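Written below as C-alpha cells is the structure these notes are about.
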Amino acid sequence: MTERTRLSERSQFLWVFFSLSGRLSPVAYALAGVLLVLVQFFPFYQFARVELNTAASQNWAMICWGVLLISAWATFAVTAKRFHDFGKPTYFALISLIIGPILLIILSCFRSDPGPNRYGRRTNAPGDS
C-alpha cells in the first residue's frame, strides 16, 4: 500500500465521520452507525468492569465522556450526509442527537435520491464545493 493510498483512505475516513459535506448511501450510513456504536460501547464496557471510586474508574469515566462528545459529532456528521442524500439540509440531522439509534435503523432502510442533487453528484463522496 502506498503512502498516497493511506492518505486517501485516512482522508475518506475523516470525511465520513467529521465533515458535513457530501452524501452517504444507506449501507455506508448503517456501517458507520454500527462502528460508532461499537466505539461507544468499548469504553463504557471497560468503565463497568472496574471498581468504582478508583483511579481506573475515573480514567475510564473521562474517556467515556471524550468518546461520547466525539461520537456525538460523528453521528451528527454522518446523519447530515444521509439527509443530504435525500436532498434535505444539514439541520435535519439535529434529530439524530435526540433519537440516534432509532434514526440509524430508519435511515438505513430508505433508498437514496437518484442522480445528483445540490449536496453532490453521487452518493458516498464529498460534496462539490
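Residue names in the C-alpha cells use chain letters A, B, ... in the order shown, residue numbers from 1 in each chain, and ligand numbers from 1 in the order shown.
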Using backbone DSSP assignments, extract all strand (DSSP E or B) residues from chain A; output them as a short mmCIF file (atom, residue, chain, number, x, y, z; two decimals) with all heavy atoms, in the first residue's frame.
data_model
loop_
_atom_site.label_atom_id
_atom_site.label_comp_id
_atom_site.auth_asym_id
_atom_site.auth_seq_id
_atom_site.Cartn_x
_atom_site.Cartn_y
_atom_site.Cartn_z
N ARG A 23 -22.74 13.31 0.47
CA ARG A 23 -23.88 12.41 0.63
C ARG A 23 -23.39 11.04 1.08
O ARG A 23 -22.24 10.69 0.85
CB ARG A 23 -24.60 12.27 -0.71
CG ARG A 23 -25.15 13.57 -1.23
CD ARG A 23 -25.57 13.48 -2.68
NE ARG A 23 -26.56 12.42 -2.90
CZ ARG A 23 -27.09 12.18 -4.09
NH1 ARG A 23 -26.75 12.88 -5.13
NH2 ARG A 23 -27.98 11.21 -4.23
N ASN A 117 -27.80 15.87 -6.69
CA ASN A 117 -28.64 16.89 -6.07
C ASN A 117 -27.72 17.99 -5.59
O ASN A 117 -26.52 17.97 -5.85
CB ASN A 117 -29.54 16.32 -4.96
CG ASN A 117 -28.80 15.83 -3.73
OD1 ASN A 117 -27.67 16.23 -3.44
ND2 ASN A 117 -29.45 14.95 -2.97
N GLY A 120 -24.30 17.02 -3.87
CA GLY A 120 -23.25 16.26 -4.54
C GLY A 120 -23.77 15.52 -5.76
O GLY A 120 -24.96 15.31 -5.93
N ALA A 125 -19.54 10.20 -1.49
CA ALA A 125 -18.43 11.05 -1.94
C ALA A 125 -18.59 12.43 -1.34
O ALA A 125 -19.71 12.86 -1.06
CB ALA A 125 -18.41 11.13 -3.46
#
(message) Give me the residues near Leu97 of chain A as a PyMOL selection string, where near means some atom within 9 Å (using only C-alpha atoms) and where sequence neighbours in that chain fewer than 5 positions away do not count.
(response) chain A and resi 72-73+75-76
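Comparing the minimum interatomic distances between Ser108 of chain A and each of A:Thr54, A:Thr79, A:Ser71, A:Thr123, counting only C-alpha atoms, we find that A:Thr79 sits nearest.
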(message) Need to verify the contact set: Lys88 of chain A, 9 Å, only C-alpha atoms, exclusion of same-chain residues closer than 6 positions in sequence. Can you return it as an NGL selection string?
(response) :A and (80 or 82 or 119)
(request) Using DSSP on the backbone, list every residue of chain A that comes out as alpha helix (DSSP H), and give them as an MDAnalysis selection string. (result) chainID A and resid 3:18 26:49 55:84 96:108
Let's have the selection written as an mmCIF file, in the first residue's frame, with C-alpha atoms.
data_model
loop_
_atom_site.group_PDB
_atom_site.id
_atom_site.type_symbol
_atom_site.label_atom_id
_atom_site.label_comp_id
_atom_site.auth_asym_id
_atom_site.auth_seq_id
_atom_site.Cartn_x
_atom_site.Cartn_y
_atom_site.Cartn_z
ATOM 1 C CA GLU A 3 1.616 6.424 1.154
ATOM 2 C CA ARG A 4 -0.793 8.186 -1.182
ATOM 3 C CA THR A 5 -3.357 5.361 -0.779
ATOM 4 C CA ARG A 6 -3.068 5.519 3.018
ATOM 5 C CA LEU A 7 -3.589 9.286 2.963
ATOM 6 C CA SER A 8 -6.581 8.862 0.693
ATOM 7 C CA GLU A 9 -8.125 6.236 2.983
ATOM 8 C CA ARG A 10 -7.475 8.402 6.046
ATOM 9 C CA SER A 11 -8.973 11.383 4.260
ATOM 10 C CA GLN A 12 -12.060 9.337 3.309
ATOM 11 C CA PHE A 13 -12.441 8.102 6.905
ATOM 12 C CA LEU A 14 -12.220 11.657 8.269
ATOM 13 C CA TRP A 15 -14.695 12.854 5.650
ATOM 14 C CA VAL A 16 -17.268 10.196 6.597
ATOM 15 C CA PHE A 17 -17.158 10.893 10.333
ATOM 16 C CA PHE A 18 -16.288 14.574 10.650
ATOM 17 C CA PRO A 26 -27.978 3.662 3.285
ATOM 18 C CA VAL A 27 -25.372 0.885 3.533
ATOM 19 C CA ALA A 28 -22.476 3.250 4.289
ATOM 20 C CA TYR A 29 -24.675 5.039 6.840
ATOM 21 C CA ALA A 30 -25.587 1.766 8.556
ATOM 22 C CA LEU A 31 -21.963 0.597 8.665
ATOM 23 C CA ALA A 32 -20.802 3.955 10.038
ATOM 24 C CA GLY A 33 -23.545 3.797 12.661
ATOM 25 C CA VAL A 34 -22.556 0.300 13.747
ATOM 26 C CA LEU A 35 -18.914 1.371 14.008
ATOM 27 C CA LEU A 36 -19.911 4.362 16.145
ATOM 28 C CA VAL A 37 -21.958 2.143 18.464
ATOM 29 C CA LEU A 38 -19.012 -0.238 18.860
ATOM 30 C CA VAL A 39 -16.613 2.641 19.537
ATOM 31 C CA GLN A 40 -19.007 3.967 22.187
ATOM 32 C CA PHE A 41 -19.534 0.551 23.738
ATOM 33 C CA PHE A 42 -15.883 -0.302 24.430
ATOM 34 C CA PRO A 43 -15.044 2.459 26.971
ATOM 35 C CA PHE A 44 -18.416 2.061 28.694
ATOM 36 C CA TYR A 45 -17.769 -1.670 28.999
ATOM 37 C CA GLN A 46 -14.315 -1.007 30.451
ATOM 38 C CA PHE A 47 -15.777 1.527 32.887
ATOM 39 C CA ALA A 48 -18.362 -1.047 34.035
ATOM 40 C CA ARG A 49 -15.613 -3.618 34.671
ATOM 41 C CA ALA A 55 -8.238 5.948 39.631
ATOM 42 C CA ALA A 56 -9.080 3.471 36.882
ATOM 43 C CA SER A 57 -12.802 4.240 37.108
ATOM 44 C CA GLN A 58 -12.088 7.978 36.953
ATOM 45 C CA ASN A 59 -9.853 7.490 33.912
ATOM 46 C CA TRP A 60 -12.467 5.391 32.122
ATOM 47 C CA ALA A 61 -15.160 7.908 33.031
ATOM 48 C CA MET A 62 -13.138 10.685 31.379
ATOM 49 C CA ILE A 63 -12.525 8.510 28.328
ATOM 50 C CA CYS A 64 -16.271 7.774 28.155
ATOM 51 C CA TRP A 65 -17.072 11.494 28.150
ATOM 52 C CA GLY A 66 -14.495 12.153 25.432
ATOM 53 C CA VAL A 67 -15.797 9.314 23.277
ATOM 54 C CA LEU A 68 -19.363 10.485 23.845
ATOM 55 C CA LEU A 69 -18.572 14.032 22.680
ATOM 56 C CA ILE A 70 -16.574 12.939 19.638
ATOM 57 C CA SER A 71 -19.117 10.292 18.640
ATOM 58 C CA ALA A 72 -21.992 12.780 19.034
ATOM 59 C CA TRP A 73 -20.344 14.996 16.408
ATOM 60 C CA ALA A 74 -19.545 11.991 14.197
ATOM 61 C CA THR A 75 -23.167 10.815 14.449
ATOM 62 C CA PHE A 76 -24.360 14.297 13.524
ATOM 63 C CA ALA A 77 -21.966 14.471 10.545
ATOM 64 C CA VAL A 78 -22.874 11.007 9.241
ATOM 65 C CA THR A 79 -26.591 11.701 9.628
ATOM 66 C CA ALA A 80 -26.266 15.101 7.931
ATOM 67 C CA LYS A 81 -24.714 13.397 4.903
ATOM 68 C CA ARG A 82 -27.508 10.800 4.915
ATOM 69 C CA PHE A 83 -30.130 13.575 4.928
ATOM 70 C CA HIS A 84 -28.190 15.272 2.123
ATOM 71 C CA SER A 96 -30.002 12.364 15.425
ATOM 72 C CA LEU A 97 -28.705 13.741 18.692
ATOM 73 C CA ILE A 98 -32.091 13.014 20.265
ATOM 74 C CA ILE A 99 -33.159 9.710 18.741
ATOM 75 C CA GLY A 100 -29.910 8.373 17.255
ATOM 76 C CA PRO A 101 -30.358 4.579 17.364
ATOM 77 C CA ILE A 102 -33.936 4.719 16.069
ATOM 78 C CA LEU A 103 -32.902 7.103 13.310
ATOM 79 C CA LEU A 104 -29.999 4.814 12.367
ATOM 80 C CA ILE A 105 -32.413 1.982 11.641
ATOM 81 C CA ILE A 106 -34.960 4.164 9.831
ATOM 82 C CA LEU A 107 -32.492 5.986 7.549
ATOM 83 C CA SER A 108 -30.705 2.732 6.708
#
(message) Can you measure atom CA of Phe110 of chain A to atom CA of Ser19 of chain A for me? One decimal in Å is fine.
(response)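 Between atom CA of Phe110 of chain A and atom CA of Ser19 of chain A the gap works out to 21.8 Å.
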(message) As an exercise, work out the distance from atom CA of Arg111 of chain A to atom CA of Ser21 of chain A in Å and give it to one decimal place.
(response) 19.0 Å
(message) Between A:Pro116, A:Asp85, A:Gly127, A:Tyr91, which residue has the minimum interatomic distance to Leu24 of chain A, considering only C-alpha atoms?
(response)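 Smallest distance to Leu24 of chain A is found for A:Asp85.
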(request) Grab the atom CA of Ala93 of chain A to atom CA of Leu20 of chain A distance for me, in Å with one decimal place. (result)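 Atom CA of Leu20 of chain A lies at a distance of 10.1 Å from atom CA of Ala93 of chain A.
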